[in-house]
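The next block holds one structure in the form of structure tokens; read it before the comments.
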Amino acid sequence: MLLTLHSQATTPTRRRTAAALLTSAVSVCLVAASAPAVPLGVGDRLFPNLGNPGYDVASYDLAFTYPGNNSEPLRAVTTIDAWTTADLDRVNLDFAHGTVESVEVDGDPAEFRFAGEDLVITPEDSVSDGNWMRITVRHTSDPVPAKGREGGWVRTADGLAMANQADAAHLVFPCNDHPSDKAMFTFRVTAPDGHTAVANGLPAGVEKSGGSTTRTFRTQHPMATELAQVSIGRSTVLHRAGPHGLPVRDVVPTRHREALEPWLEKTPGQIAWMESKVGRYPFETYGLLVADASTGFELETQTLSLFERELFTEPVYPPWYVESIMVHEVAHQWFGNSVTPRTWSDLWLNEGHATWYEALYAEEQAGKPMRDRMKAAYGASDRWRAAGGPPAAP
């Protein structure tokens with residue numbers, strides 16, 4: 001607020017009025033500057049503090065430097081380009097498991113503090129509605145799980161992978177961590193020679209320097225933060241063609257490559273089967289990231305689904321079941337990834353469709369009737385509800 005005082009026409013009363021207005025304006029500025037930082041959210045009823053109002057992220061540029069040991073923090077730089085949808089004196093990002101070294105807004109240093117699991121940024125100048133802003137955060141990213149928290153980085157036998165669903169991307173990098181704000185992603189991952197880094201999207205460059213290699217990947221479609229994936233390890237990347245020449249690349253532990261190949265070669269046919277049901281595959285590439293880790297789940301990270309190695313190498317799982325799980329994750333590329341829930345209460349639309357095509361594939365390809373599967377599910381439902389609660393109260 002700027003007050004202009006014209007002294008040549010000022011009476012004592014007007015001088016007192018002007019002084020009062022100036023004092024009031026200064027007081028308002030001081031109160032605004034000293035107001036406590038608070039966590040915000042976009043109103044999701046399951047995760048009320050996730051996401052942040054006032055801006056729409058267009059793109060993330062994530063740079064990670066892996067030290068060669070998956071127990072040590074990675075050095076990282078997160079750059080966010082966003083369009084403001086309100087006047088912003090402060091900008092909240094979700095971030096909860098790393099040390100922030102510095103923050104810039106549009107190239108200028110900005111103050112920052114933490115409030116709950118929000119990184120609250122105060123730019124030097126407020127950002128008005130309807131403008132682009134660029135936020136650059138230099139920070140660390142800790143792969144050791146936070147106490148009482150799961151998700152984010154997954155430590156594998158030879159490196160790292162990501163599992164961010166549902167509320168864990170902000171344990172890895174500062175972001176607007178809600179699926180209602182999808183964005184383009186660029187990943188720049190630097191690792192010591194002997195390690196292979198792969199991320200969502202397609203390769204966009206390789207640079208070697210001083211015993212390390214930086215690999216860049218870019219998505220060609222918007223993505224929710226919970227679907228981001230970075231793999232770092234002593235891995236082999238396998239390439240094959242899918243329907244319509246779709247690039248299919250798999251990332252596997254090098255020492256398990258031979259055992260995994262009979263499963264991986266099934267992927268192009270599974271994509272073709274899904275296309276016969278729901279239309280053309282929606283992304284630029286697909287493949288499996290097979291992690292040497294025990295997670296208890298598989299995850300549909302966009303264009304590069306995460307799988308536990310033991311799903312394929314433990315004989316306890318019958319082949320028809322393994323294949324149906326593979327189809328479940330590829331079905332998510334349509335349902336959950338290309339079409340994404342606006343609120344987490346709609347997650348059943350992701351899982352309902354993926355489970356349907358998982359069961360239909362088992363019926364058509366392995367003679368496992370869906371009717372029998374559904375009867376077994378109903379038979380187990382009381383046990384599942386006792387363990388996990390009713391669907392409306394997860």
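As shown in the structure tokens, the chain order sets the letters A, B, ...; within each chain, residues go from 1, and ligands are also counted from 1 in the order they appear.
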For this session: Might you pull out every residue within 9 Å of Leu46 in chain A, with only C-alpha atoms counted and same-chain residues fewer than 3 positions away left off, and present them as a list in words?
Result: Gly43, Thr343, Trp344, Ser345 and Pro394 of chain A
Problem set entry | Shell around Phe283 in chain A at 8 Å using only C-alpha atoms, local window under 5 positions removed, as a list in words | Gln220, His221, Thr303, Gln333 and Ser338 of chain A
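The coordinates place CA of Leu50 in chain A at 24.1 Å from CA of Asp106 in chain A.
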Exercise. What lies within 8 Å of Glu300 in chain A using only C-alpha atoms, ignoring chain neighbours under 2 positions off, as a VMD selection string?
Worked result: chain A and resid 227 298 302 to 306 329 to 330 332 to 333 337
For this session: Extract, using only C-alpha atoms, all DNA, RNA and protein residues at most 12 Å from Pro262 in chain A, discarding same-chain residues fewer than 5 positions from it, and format them as an MDAnalysis selection string.
Result: chainID A and resid 256:257 267 312:313 319 322:323
Residues just named, written with N, CA and C atoms as a tab-separated table (two decimals), in the first residue's frame:
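Result saved to part_30.tsv:
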```
chain	number	residue	atom	x	y	z
A	256	HIS	N	19.24	-61.06	-11.96
A	256	HIS	CA	18.00	-61.83	-12.10
A	256	HIS	C	17.41	-61.72	-13.51
A	257	ARG	N	18.16	-61.17	-14.43
A	257	ARG	CA	17.64	-60.93	-15.77
A	257	ARG	C	17.12	-62.20	-16.43
A	267	THR	N	4.49	-58.89	-21.72
A	267	THR	CA	3.90	-57.55	-21.62
A	267	THR	C	3.29	-57.06	-22.93
A	312	PHE	N	7.70	-62.86	-9.22
A	312	PHE	CA	8.05	-63.64	-10.40
A	312	PHE	C	8.95	-64.84	-10.10
A	313	THR	N	9.68	-64.78	-9.00
A	313	THR	CA	10.68	-65.83	-8.76
A	313	THR	C	10.29	-66.81	-7.67
A	319	PRO	N	1.31	-69.30	-12.26
A	319	PRO	CA	1.54	-68.40	-13.40
A	319	PRO	C	0.32	-67.57	-13.78
A	322	VAL	N	0.14	-64.53	-11.49
A	322	VAL	CA	1.17	-63.53	-11.77
A	322	VAL	C	0.79	-62.70	-12.99
A	323	GLU	N	0.34	-63.38	-14.04
A	323	GLU	CA	-0.03	-62.65	-15.26
A	323	GLU	C	-1.22	-61.72	-15.02
```
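Distance annotation: of A:Leu349, A:Ala82, A:Ala110, A:Ile121, the residue with the minimal separation from Val38 in chain A is A:Ile121; atom set is only C-alpha atoms.
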Exercise. DSSP says strand (DSSP E) for which residues of range 14-162 of chain A? Put them as a ChimeraX atom specification?
Worked result: /A:55-65,74-84,91-94,100-105,108-109,111-115,118-122,132-141,152-155,160-162
